[in-house]
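**Q** Contents are compact mmCIF, C-alpha atoms; file name data_33.txt:
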```txt
# COMPACT_ATOMS: atom_id res chain seq x y z
CA MET A 522 -113.98 -43.84 -38.38
CA SER A 523 -113.65 -45.79 -35.13
CA THR A 524 -115.75 -45.32 -32.03
CA ILE A 525 -114.85 -46.72 -28.63
CA ARG A 526 -116.60 -45.97 -25.36
CA LEU A 527 -116.32 -46.95 -21.73
CA GLY A 528 -118.95 -46.28 -19.09
CA LEU A 529 -119.13 -47.05 -15.40
CA ARG A 530 -122.38 -48.22 -13.85
CA GLU A 531 -124.39 -45.25 -12.53
CA ASN A 532 -121.51 -43.04 -13.70
CA ARG A 533 -119.72 -43.71 -10.43
CA ILE A 534 -116.16 -42.49 -10.16
CA SER A 535 -115.40 -43.21 -6.49
CA PHE A 536 -115.26 -46.54 -4.69
CA ALA A 537 -114.32 -47.90 -1.31
CA PRO A 538 -111.95 -50.90 -1.21
CA GLY A 539 -113.93 -54.11 -1.74
CA GLU A 540 -116.74 -52.45 -3.68
CA VAL A 541 -117.66 -53.63 -7.16
CA ILE A 542 -116.51 -51.51 -10.09
CA ALA A 543 -118.84 -52.44 -12.91
CA GLY A 544 -119.38 -51.00 -16.34
CA ALA A 545 -119.69 -51.59 -20.03
CA VAL A 546 -117.64 -50.91 -23.12
CA ASP A 547 -118.59 -50.78 -26.74
CA TRP A 548 -116.78 -50.21 -29.99
CA GLU A 549 -117.46 -49.79 -33.66
CA LEU A 550 -114.44 -50.50 -35.83
CA GLN A 551 -113.73 -51.15 -39.50
CA ALA A 552 -112.22 -54.55 -38.66
CA VAL A 553 -112.43 -57.13 -35.90
CA PRO A 554 -109.90 -56.26 -33.18
CA LYS A 555 -107.29 -58.91 -32.37
CA LYS A 556 -107.41 -58.20 -28.66
CA ALA A 557 -109.78 -56.28 -26.39
CA GLU A 558 -109.44 -55.88 -22.68
CA VAL A 559 -110.43 -53.63 -19.80
CA ARG A 560 -107.67 -52.90 -17.30
CA LEU A 561 -107.85 -51.70 -13.75
CA GLY A 562 -104.65 -49.99 -12.72
CA TRP A 563 -103.01 -47.04 -11.07
CA THR A 564 -100.37 -44.53 -12.02
CA THR A 565 -98.48 -41.87 -10.16
CA VAL A 566 -98.55 -38.29 -11.38
CA GLY A 567 -96.27 -35.55 -10.13
CA LYS A 568 -92.79 -34.13 -10.18
CA GLY A 569 -90.73 -37.29 -10.38
CA THR A 570 -90.65 -40.35 -12.54
CA THR A 571 -93.96 -42.06 -13.23
CA ASP A 572 -94.81 -45.41 -11.71
CA SER A 573 -97.76 -47.53 -12.73
CA GLN A 574 -99.27 -50.97 -12.33
CA ILE A 575 -102.12 -52.93 -13.86
CA VAL A 576 -103.71 -54.88 -11.02
CA ASP A 577 -106.56 -56.64 -12.82
CA ARG A 578 -107.90 -57.12 -16.32
CA VAL A 579 -110.88 -58.55 -18.15
CA VAL A 580 -109.98 -60.01 -21.55
CA PHE A 581 -112.84 -60.40 -23.99
CA GLN A 582 -113.13 -63.40 -26.34
CA GLU A 583 -114.85 -63.96 -29.71
CA LEU A 584 -114.59 -60.35 -30.73
CA ARG A 585 -116.64 -58.57 -33.37
CA ALA A 586 -116.01 -55.32 -35.23
CA THR A 587 -119.06 -53.84 -33.51
CA ASP A 588 -119.44 -55.10 -30.00
CA LEU A 589 -120.80 -54.36 -26.54
CA ARG A 590 -119.35 -56.02 -23.43
CA THR A 591 -119.67 -55.67 -19.68
CA PHE A 592 -116.96 -55.96 -17.05
CA GLU A 593 -116.63 -56.14 -13.31
CA PHE A 594 -113.73 -55.67 -10.88
CA THR A 595 -113.48 -55.61 -7.11
CA ALA A 596 -111.79 -52.46 -5.85
CA PRO A 597 -108.49 -53.58 -4.29
CA ALA A 598 -107.67 -52.99 -0.62
CA GLU A 599 -104.68 -50.84 -1.50
CA PRO A 600 -103.06 -48.55 -2.50
CA TYR A 601 -105.49 -45.73 -1.79
CA SER A 602 -105.96 -42.86 -4.20
CA PHE A 603 -104.05 -39.95 -2.70
CA SER A 604 -102.71 -36.52 -3.55
CA GLY A 605 -99.93 -34.42 -2.13
CA LYS A 606 -97.91 -31.59 -3.59
CA LEU A 607 -95.26 -33.84 -5.10
CA VAL A 608 -97.16 -36.92 -6.10
CA SER A 609 -100.69 -38.23 -6.65
CA LEU A 610 -101.73 -41.84 -7.08
CA VAL A 611 -104.53 -42.09 -9.59
CA TRP A 612 -106.58 -45.24 -10.27
CA ASN A 613 -108.08 -45.76 -13.71
CA VAL A 614 -110.20 -48.13 -15.74
CA GLU A 615 -109.07 -48.41 -19.34
CA LEU A 616 -110.35 -50.12 -22.46
CA VAL A 617 -107.53 -51.17 -24.81
CA LEU A 618 -108.11 -52.48 -28.33
CA GLN A 619 -105.31 -53.98 -30.42
CA PRO A 620 -103.66 -53.88 -32.90
CA LYS A 621 -104.27 -50.15 -33.25
CA ASP A 622 -103.82 -49.50 -29.54
CA LEU A 623 -107.11 -47.62 -29.27
CA ARG A 624 -107.71 -46.54 -25.68
CA GLU A 625 -110.45 -45.05 -23.58
CA ARG A 626 -109.60 -44.28 -19.96
CA HIS A 627 -111.63 -43.11 -16.96
CA GLU A 628 -109.99 -41.95 -13.75
CA ILE A 629 -111.56 -43.22 -10.56
CA VAL A 630 -110.96 -42.94 -6.82
CA ILE A 631 -110.39 -45.99 -4.61
CA ALA A 632 -110.06 -45.05 -0.96
CA PRO A 633 -111.99 -45.41 2.29
CA GLY A 634 -115.39 -43.81 1.89
CA GLY A 635 -114.58 -43.19 -1.77
CA HIS A 636 -112.65 -40.04 -0.83
CA GLU A 637 -109.15 -39.42 -2.14
CA VAL A 638 -106.65 -39.13 0.71
CA LEU A 639 -105.14 -35.63 0.80
CA LEU A 640 -101.62 -35.33 2.16
CA PRO A 641 -100.88 -31.99 3.79
CA GLY A 642 -97.49 -30.36 3.16
CA VAL A 643 -94.82 -30.80 5.82
CA ALA A 644 -95.22 -27.21 7.02
CA ASP A 645 -99.00 -27.66 7.28
CA ALA A 646 -98.87 -31.02 9.08
CA MET B 363 -102.31 -27.91 -5.30
CA LYS B 364 -102.71 -31.62 -5.93
CA ALA B 365 -99.82 -33.12 -7.85
CA ARG B 366 -102.22 -34.60 -10.39
CA ASP B 367 -103.60 -31.14 -11.18
CA ASN B 368 -100.17 -29.58 -11.70
CA PRO B 369 -99.72 -28.87 -15.42
CA PHE B 370 -95.97 -29.39 -15.02
CA ALA B 371 -96.32 -32.98 -13.76
CA THR B 372 -93.78 -35.25 -15.47
CA GLN B 373 -96.55 -37.23 -17.12
CA ARG B 374 -97.61 -34.08 -18.97
CA THR B 375 -94.19 -32.61 -19.74
CA GLU B 376 -93.06 -35.94 -21.20
CA LYS B 377 -95.93 -35.82 -23.66
CA LEU B 378 -94.74 -32.55 -25.16
CA ALA B 379 -93.73 -33.12 -28.74
CA TYR B 380 -90.32 -32.05 -29.99
CA ARG B 381 -90.61 -28.84 -31.97
CA LEU B 382 -88.48 -29.06 -35.08
CA PRO B 383 -86.54 -25.82 -35.57
CA GLY B 384 -86.72 -23.28 -38.38
CA GLY B 385 -89.46 -24.74 -40.54
CA LEU B 386 -87.78 -28.15 -40.70
CA THR B 387 -90.31 -30.91 -41.40
CA TRP B 388 -90.22 -34.63 -40.62
CA PRO B 389 -89.99 -35.64 -44.31
CA ALA B 390 -87.02 -33.28 -44.72
CA LEU B 391 -85.34 -34.60 -41.59
CA LEU B 392 -85.82 -38.21 -42.71
CA GLU B 393 -84.44 -37.32 -46.12
CA ARG B 394 -81.42 -35.78 -44.41
CA LEU B 395 -80.94 -39.00 -42.41
CA LYS B 396 -81.19 -41.04 -45.60
CA GLY B 397 -78.59 -38.75 -47.17
CA GLN B 398 -76.28 -39.64 -44.28
CA ASP B 399 -76.79 -43.33 -45.03
CA TYR B 400 -79.06 -43.62 -41.98
CA CYS B 401 -76.23 -42.80 -39.65
CA GLY B 402 -76.00 -39.71 -37.49
CA SER B 403 -76.11 -37.94 -34.18
CA ILE B 404 -78.54 -35.63 -32.44
CA VAL B 405 -76.43 -33.10 -30.60
CA GLY B 406 -77.36 -30.86 -27.69
CA ARG B 407 -76.92 -29.96 -24.04
CA HIS B 408 -78.98 -31.41 -21.19
CA GLY B 409 -82.68 -30.66 -21.42
CA THR B 410 -82.80 -29.52 -25.03
CA GLY B 411 -85.00 -32.37 -26.28
CA LYS B 412 -82.52 -34.89 -27.69
CA THR B 413 -84.19 -37.90 -26.11
CA THR B 414 -87.67 -36.68 -27.02
CA LEU B 415 -86.59 -36.26 -30.64
CA LEU B 416 -84.89 -39.66 -30.69
CA GLU B 417 -88.07 -41.33 -29.38
CA GLU B 418 -90.14 -39.54 -32.02
CA PHE B 419 -88.06 -41.23 -34.70
CA VAL B 420 -89.55 -44.61 -33.74
CA PRO B 421 -92.92 -44.34 -35.55
CA HIS B 422 -91.35 -42.59 -38.54
CA LEU B 423 -88.72 -45.31 -38.96
CA LYS B 424 -91.39 -48.01 -38.59
CA LYS B 425 -93.32 -46.41 -41.45
CA LEU B 426 -90.17 -46.67 -43.57
CA GLY B 427 -90.00 -50.41 -42.88
CA PHE B 428 -87.27 -50.35 -40.23
CA GLU B 429 -87.49 -52.00 -36.82
CA PRO B 430 -86.21 -49.36 -34.42
CA GLN B 431 -84.60 -50.56 -31.19
CA LEU B 432 -84.12 -47.93 -28.51
CA ILE B 433 -81.18 -48.42 -26.16
CA ARG B 434 -80.54 -46.04 -23.27
CA LEU B 435 -77.30 -45.28 -21.52
CA LYS B 436 -77.48 -43.15 -18.41
CA THR B 437 -74.97 -41.47 -16.15
CA GLU B 438 -75.52 -44.31 -13.71
CA SER B 439 -75.01 -47.05 -16.36
CA SER B 440 -72.33 -49.40 -15.07
CA MET B 441 -69.03 -50.22 -16.71
CA ARG B 442 -70.35 -53.76 -17.20
CA GLU B 443 -73.37 -52.46 -19.16
CA LYS B 444 -71.10 -50.38 -21.38
CA GLU B 445 -68.79 -53.29 -22.00
CA ALA B 446 -71.72 -55.58 -22.84
CA LEU B 447 -73.09 -53.14 -25.42
CA PRO B 448 -71.07 -54.29 -28.47
CA ALA B 449 -72.29 -57.89 -28.01
CA LEU B 450 -75.87 -56.63 -27.76
CA LEU B 451 -75.54 -54.47 -30.87
CA ARG B 452 -73.99 -57.26 -32.93
CA ARG B 453 -77.25 -59.17 -32.57
CA ILE B 454 -79.17 -56.26 -34.10
CA VAL B 455 -79.26 -56.77 -37.85
CA LYS B 456 -81.19 -55.26 -40.77
CA PRO B 457 -83.99 -54.17 -40.87
CA ALA B 458 -83.43 -53.31 -37.20
CA PHE B 459 -82.35 -49.70 -36.62
CA ILE B 460 -80.36 -48.75 -33.52
CA LEU B 461 -81.33 -45.63 -31.59
CA LEU B 462 -78.76 -45.13 -28.85
CA ASP B 463 -79.60 -42.50 -26.25
CA GLY B 464 -76.69 -41.14 -24.21
CA ALA B 465 -73.72 -42.08 -26.40
CA GLU B 466 -71.66 -39.44 -24.60
CA GLN B 467 -71.55 -41.87 -21.66
CA LEU B 468 -69.12 -43.99 -23.67
CA SER B 469 -65.40 -43.28 -23.56
CA THR B 470 -63.50 -43.63 -26.83
CA ARG B 471 -62.36 -47.07 -25.65
CA HIS B 472 -66.00 -48.13 -25.34
CA TRP B 473 -67.26 -46.22 -28.36
CA LEU B 474 -65.04 -47.83 -31.02
CA PRO B 475 -66.31 -51.43 -30.53
CA VAL B 476 -69.87 -50.07 -30.29
CA ARG B 477 -69.50 -48.23 -33.60
CA SER B 478 -68.11 -51.35 -35.24
CA ALA B 479 -70.83 -53.62 -33.78
CA ALA B 480 -73.59 -51.31 -35.00
CA SER B 481 -72.61 -51.74 -38.64
CA THR B 482 -74.86 -54.79 -39.10
CA ALA B 483 -77.98 -52.71 -38.38
CA ALA B 484 -79.95 -50.82 -41.01
CA GLY B 485 -79.17 -47.53 -39.29
CA PHE B 486 -77.52 -45.98 -36.27
CA LEU B 487 -78.69 -42.78 -34.64
CA VAL B 488 -77.29 -41.54 -31.34
CA THR B 489 -77.69 -38.61 -28.96
CA VAL B 490 -74.58 -36.82 -27.72
CA HIS B 491 -73.78 -33.58 -25.94
CA ARG B 492 -71.15 -32.34 -28.36
CA VAL B 493 -70.45 -32.69 -32.08
CA SER B 494 -68.41 -35.86 -32.34
CA ARG B 495 -68.48 -39.52 -33.25
CA LEU B 496 -71.16 -39.61 -35.99
CA PRO B 497 -72.11 -36.97 -38.56
CA THR B 498 -74.50 -34.44 -37.02
CA LEU B 499 -78.10 -34.88 -38.09
CA LEU B 500 -79.52 -32.07 -35.99
CA GLU B 501 -78.33 -29.78 -33.21
CA CYS B 502 -80.94 -29.29 -30.50
CA ASP B 503 -81.03 -25.93 -28.83
CA SER B 504 -83.26 -24.08 -26.41
CA ASN B 505 -84.36 -20.49 -26.15
CA PRO B 506 -86.86 -18.43 -24.13
CA GLY B 507 -89.41 -18.42 -26.93
CA LEU B 508 -89.40 -22.20 -27.03
CA LEU B 509 -89.89 -22.42 -23.26
CA ALA B 510 -92.71 -19.86 -23.38
CA GLY B 511 -94.43 -21.91 -26.08
CA LEU B 512 -94.13 -25.14 -24.11
CA VAL B 513 -95.47 -23.50 -20.96
CA GLN B 514 -98.41 -22.10 -22.89
CA GLU B 515 -99.14 -25.57 -24.26
CA LEU B 516 -99.14 -27.00 -20.73
CA THR B 517 -101.08 -24.28 -18.94
CA GLY B 518 -103.17 -22.82 -21.75
CA LYS B 519 -101.93 -19.37 -20.72
CA PRO B 520 -99.27 -17.13 -22.25
CA PHE B 521 -95.96 -17.11 -20.38
CA PRO B 522 -94.11 -13.77 -20.23
CA LEU B 523 -90.96 -13.82 -22.36
CA ASP B 524 -88.92 -11.94 -19.76
CA GLU B 525 -89.69 -14.66 -17.18
CA ALA B 526 -88.79 -17.32 -19.72
CA THR B 527 -85.53 -15.53 -20.51
CA GLU B 528 -84.57 -15.34 -16.85
CA LEU B 529 -85.48 -18.99 -16.26
CA VAL B 530 -83.61 -20.31 -19.30
CA ALA B 531 -80.51 -18.29 -18.33
CA ARG B 532 -80.61 -19.55 -14.73
CA HIS B 533 -80.77 -23.17 -15.88
CA PHE B 534 -78.19 -22.73 -18.66
CA GLY B 535 -80.72 -23.66 -21.34
CA ASP B 536 -81.92 -26.87 -19.65
CA LEU B 537 -85.65 -26.77 -20.40
CA ARG B 538 -86.35 -29.87 -18.28
CA ALA B 539 -84.91 -28.07 -15.24
CA CYS B 540 -86.99 -24.98 -16.10
CA LEU B 541 -90.18 -27.05 -16.17
CA ARG B 542 -89.28 -28.69 -12.84
CA GLU B 543 -88.88 -25.28 -11.25
CA LEU B 544 -92.21 -24.21 -12.70
CA TYR B 545 -93.80 -27.31 -11.12
CA ASP B 546 -92.86 -26.00 -7.67
CA GLU B 547 -93.77 -22.42 -8.51
CA TRP B 548 -97.17 -23.43 -9.88
CA GLY B 549 -97.82 -25.46 -6.72
CA GLU B 550 -96.93 -22.46 -4.54
CA ARG B 551 -99.13 -20.09 -6.55
CA ASN B 552 -102.07 -22.47 -6.10
CA LYS B 553 -101.21 -23.56 -2.56
CA GLY B 554 -104.72 -23.35 -1.11
CA LYS B 555 -106.14 -25.73 -3.69
CA LEU B 556 -104.81 -28.95 -2.13
CA ALA B 557 -107.44 -29.08 0.55
CA ALA B 558 -110.22 -27.85 -1.73
```
Kindly present the structure from the file in structure tokens form.

**A**
Amino acid sequence: MSTIRLGLRENRISFAPGEVIAGAVDWELQAVPKKAEVRLGWTTVGKGTTDSQIVDRVVFQELRATDLRTFEFTAPAEPYSFSGKLVSLVWNVELVLQPKDLRERHEIVIAPGGHEVLLPGVADA
Amino acid sequence: MKARDNPFATQRTEKLAYRLPGGLTWPALLERLKGQDYCGSIVGRHGTGKTTLLEEFVPHLKKLGFEPQLIRLKTESSMREKEALPALLRRIVKPAFILLDGAEQLSTRHWLPVRSAASTAAGFLVTVHRVSRLPTLLECDSNPGLLAGLVQELTGKPFPLDEATELVARHFGDLRACLRELYDEWGERNKGKLAA
């Protein structure tokens, strides 16, 4: 039985560009993972094809089967988290452990004031 | 409604698993493929799940010791890409297993060298629109019950069979097109929720 967890400091889920995104991860596995990293990235969600990008990562060294690590990113200046009817851009912080590709992901908001930008429909604009 | 909250967002519909028809199981399907000397085609119209099924072969083939290599041909694939395919396939040798999506994009002139080049691989499985080229492994089909089941999986709510029937008929059985229409409809039904 494997356990992996990811937590953000003060359980924050929204950030303004330039703010620090800090947190901790821990795991309890049967064997020592070959690779462990936390990724900061975004993905689009909506009607069309999906686009995504990893913009930063923290790679952990000297891994153990049971481990606890901390990480820190700076929220990038762009793109902002946004949502319209056809597409949303969603930021996330994700712990990835290899070789079994174990993942734990938290969605976050990165936008001015920590508020997702809402795009009105054309008729409503 | 925000795109990210729409249950019919591509990210969610692409995660739907292929539903094997009529009590068919993965071990039985793999046995059938073995019986065809690991050579066959998945046949079906647009939006009936051929690509989804082909992709689901990857982990199963890995478990059998093969090294599956997925190659995609699309409507927009250039003549140059099609002509370069035999050279690419000749480099794929056992235990590599070729999964070719969109083989119907190849004319007979292009298909014959591709078929010959694929013979060095451990297996060759393709998707096509009509029975042809390689022995049929499975014919993919769609029906209103299948659409209703997929919609229920996405939304957590039952989907009326008469609506599913009408939708499937309007899109000539293309379930992907049905789900795209439902994306818009779901957004309209929950219009006020974008600003919430």

**Q** Find the residues near segment 433-445 of chain B: any atom within 7 Å, counting all atoms listed in the file, skip ones fewer than 3 places away on the same chain, and give them as an mmCIF file with C-alpha atoms, in the coordinates of the input.

**A**
```
data_model
loop_
_atom_site.group_PDB
_atom_site.id
_atom_site.type_symbol
_atom_site.label_atom_id
_atom_site.label_comp_id
_atom_site.auth_asym_id
_atom_site.auth_seq_id
_atom_site.Cartn_x
_atom_site.Cartn_y
_atom_site.Cartn_z
ATOM 1 C CA PRO B 448 -71.070 -54.290 -28.470
ATOM 2 C CA LEU B 461 -81.330 -45.630 -31.590
ATOM 3 C CA LEU B 462 -78.760 -45.130 -28.850
ATOM 4 C CA ASP B 463 -79.600 -42.500 -26.250
ATOM 5 C CA GLY B 464 -76.690 -41.140 -24.210
ATOM 6 C CA ALA B 465 -73.720 -42.080 -26.400
ATOM 7 C CA GLN B 467 -71.550 -41.870 -21.660
ATOM 8 C CA HIS B 472 -66.000 -48.130 -25.340
#
```

**Q** One decimal, in Å: what's the spacing between atom CA of Ala586 of chain A and atom CA of Met522 of chain A?

**A**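 Result for atom CA of Ala586 of chain A versus atom CA of Met522 of chain A: 12.1 Å, one decimal.
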
**Q** Against chain A, which residues of chain B fall within 12 Å? For each one I want the closest pair of atoms and the distance in Å (one decimal), counting only C-alpha atoms, rows by chain and increasing residue number, as a Markdown table.

**A**
```
| residue | atom | partner | partner_atom | distance |
| --- | --- | --- | --- | --- |
| B:Met363 | CA | A:Lys606 | CA | 6.0 |
| B:Lys364 | CA | A:Lys606 | CA | 5.3 |
| B:Ala365 | CA | A:Gly567 | CA | 4.9 |
| B:Arg366 | CA | A:Val566 | CA | 5.3 |
| B:Asp367 | CA | A:Gly567 | CA | 8.6 |
| B:Asn368 | CA | A:Gly567 | CA | 7.3 |
| B:Pro369 | CA | A:Gly567 | CA | 9.2 |
| B:Phe370 | CA | A:Lys568 | CA | 7.5 |
| B:Ala371 | CA | A:Gly567 | CA | 4.4 |
| B:Thr372 | CA | A:Lys568 | CA | 5.5 |
| B:Gln373 | CA | A:Val566 | CA | 6.2 |
| B:Arg374 | CA | A:Val566 | CA | 8.7 |
| B:Thr375 | CA | A:Lys568 | CA | 9.8 |
| B:Glu376 | CA | A:Thr570 | CA | 10.0 |
| B:Arg538 | CA | A:Lys568 | CA | 11.2 |
| B:Ala539 | CA | A:Lys568 | CA | 11.2 |
| B:Leu541 | CA | A:Lys568 | CA | 9.6 |
| B:Arg542 | CA | A:Lys568 | CA | 7.0 |
| B:Glu543 | CA | A:Lys568 | CA | 9.7 |
| B:Leu544 | CA | A:Lys568 | CA | 10.3 |
| B:Tyr545 | CA | A:Lys568 | CA | 7.0 |
| B:Asp546 | CA | A:Lys568 | CA | 8.5 |
| B:Glu547 | CA | A:Lys606 | CA | 11.2 |
| B:Trp548 | CA | A:Lys606 | CA | 10.3 |
| B:Gly549 | CA | A:Lys606 | CA | 6.9 |
| B:Glu550 | CA | A:Lys606 | CA | 9.2 |
| B:Arg551 | CA | A:Lys606 | CA | 11.9 |
| B:Asn552 | CA | A:Lys606 | CA | 10.3 |
| B:Lys553 | CA | A:Lys606 | CA | 8.7 |
| B:Gly554 | CA | A:Pro641 | CA | 10.6 |
| B:Lys555 | CA | A:Lys606 | CA | 10.1 |
| B:Leu556 | CA | A:Leu639 | CA | 7.3 |
| B:Ala557 | CA | A:Leu639 | CA | 6.9 |
| B:Ala558 | CA | A:Leu639 | CA | 9.6 |
```

**Q** Take the residues from that selection and put them in a file with C-alpha atoms, as a CSV table (one decimal), keeping the file's coordinate frame.

**A**
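Resulting contents of part34.csv:
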```
chain,number,residue,atom,x,y,z
B,363,MET,CA,-102.3,-27.9,-5.3
B,364,LYS,CA,-102.7,-31.6,-5.9
B,365,ALA,CA,-99.8,-33.1,-7.8
B,366,ARG,CA,-102.2,-34.6,-10.4
B,367,ASP,CA,-103.6,-31.1,-11.2
B,368,ASN,CA,-100.2,-29.6,-11.7
B,369,PRO,CA,-99.7,-28.9,-15.4
B,370,PHE,CA,-96.0,-29.4,-15.0
B,371,ALA,CA,-96.3,-33.0,-13.8
B,372,THR,CA,-93.8,-35.2,-15.5
B,373,GLN,CA,-96.6,-37.2,-17.1
B,374,ARG,CA,-97.6,-34.1,-19.0
B,375,THR,CA,-94.2,-32.6,-19.7
B,376,GLU,CA,-93.1,-35.9,-21.2
B,538,ARG,CA,-86.4,-29.9,-18.3
B,539,ALA,CA,-84.9,-28.1,-15.2
B,541,LEU,CA,-90.2,-27.0,-16.2
B,542,ARG,CA,-89.3,-28.7,-12.8
B,543,GLU,CA,-88.9,-25.3,-11.2
B,544,LEU,CA,-92.2,-24.2,-12.7
B,545,TYR,CA,-93.8,-27.3,-11.1
B,546,ASP,CA,-92.9,-26.0,-7.7
B,547,GLU,CA,-93.8,-22.4,-8.5
B,548,TRP,CA,-97.2,-23.4,-9.9
B,549,GLY,CA,-97.8,-25.5,-6.7
B,550,GLU,CA,-96.9,-22.5,-4.5
B,551,ARG,CA,-99.1,-20.1,-6.6
B,552,ASN,CA,-102.1,-22.5,-6.1
B,553,LYS,CA,-101.2,-23.6,-2.6
B,554,GLY,CA,-104.7,-23.4,-1.1
B,555,LYS,CA,-106.1,-25.7,-3.7
B,556,LEU,CA,-104.8,-29.0,-2.1
B,557,ALA,CA,-107.4,-29.1,0.6
B,558,ALA,CA,-110.2,-27.8,-1.7
```

**Q** How many Å separate atom CA of Leu395 of chain B from atom CA of Ala449 of chain B?

**A**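 We find that atom CA of Leu395 of chain B and atom CA of Ala449 of chain B lie 25.3 Å from each other.
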
**Q** Neighbouring residues of His491 of chain B were defined as those with any atom within 7 Å, considering all atoms listed in the file; residues of the same chain fewer than 4 positions away were excluded. Please report them as a ChimeraX atom specification.

**A** /B:405-407,466

**Q** Could you please determine the separation between atom CA of Ser504 of chain B and atom CA of Thr410 of chain B in Å, to one decimal place?

**A**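 Atom-to-atom, atom CA of Ser504 of chain B to atom CA of Thr410 of chain B, that is 5.6 Å.
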
**Q** Taking 5 positions as the minimum chain separation for residues in the same chain, which residues sit within 12 Å of His627 of chain A when counting all atoms listed in the file? Answer as a ChimeraX atom specification.

**A** /A:526-529,532-535,542,544,546,559-563,611-617

**Q** Write out as a ChimeraX atom specification which residues come within 9 Å of Thr498 of chain B when counting all atoms listed in the file, dropping same-chain ones fewer than 2 positions away.

**A** /B:401-405,493-496,500-501

**Q** Keeping only C-alpha atoms, take the residues you just selected and write them out as a PDB file, keeping the file's coordinate frame.

**A**
```pdb
ATOM      1  CA  CYS B 401     -76.230 -42.800 -39.650  1.00  0.00           C
ATOM      2  CA  GLY B 402     -76.000 -39.710 -37.490  1.00  0.00           C
ATOM      3  CA  SER B 403     -76.110 -37.940 -34.180  1.00  0.00           C
ATOM      4  CA  ILE B 404     -78.540 -35.630 -32.440  1.00  0.00           C
ATOM      5  CA  VAL B 405     -76.430 -33.100 -30.600  1.00  0.00           C
ATOM      6  CA  VAL B 493     -70.450 -32.690 -32.080  1.00  0.00           C
ATOM      7  CA  SER B 494     -68.410 -35.860 -32.340  1.00  0.00           C
ATOM      8  CA  ARG B 495     -68.480 -39.520 -33.250  1.00  0.00           C
ATOM      9  CA  LEU B 496     -71.160 -39.610 -35.990  1.00  0.00           C
ATOM     10  CA  LEU B 500     -79.520 -32.070 -35.990  1.00  0.00           C
ATOM     11  CA  GLU B 501     -78.330 -29.780 -33.210  1.00  0.00           C
TER      12      GLU B 501
END
```

**Q** Within 12 Å of (-83.5, -39.8, -44.9) (coordinates as in the file), grab all the protein and nucleic acid residues, counting all atoms listed in the file, and write them out as an NGL selection string.

**A** :B and (387-402 or 419 or 422-423 or 426 or 485 or 487 or 499)

**Q** For Gln582 of chain A, which residue among A:Lys621, A:Phe594, A:Glu637, A:Lys555 is the nearest when counting all atoms listed in the file?

**A**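 Ranking A:Lys621, A:Phe594, A:Glu637, A:Lys555 by distance to Gln582 of chain A, first place goes to A:Lys555.
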
**Q** Check the smallest atom-to-atom distance from each of B:Pro506, B:Pro475, B:Pro497, B:Pro457 to Cys540 of chain B using all atoms listed in the file, then report the winner.

**A**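 Among B:Pro506, B:Pro475, B:Pro497, B:Pro457, it is B:Pro506 that comes nearest to Cys540 of chain B.
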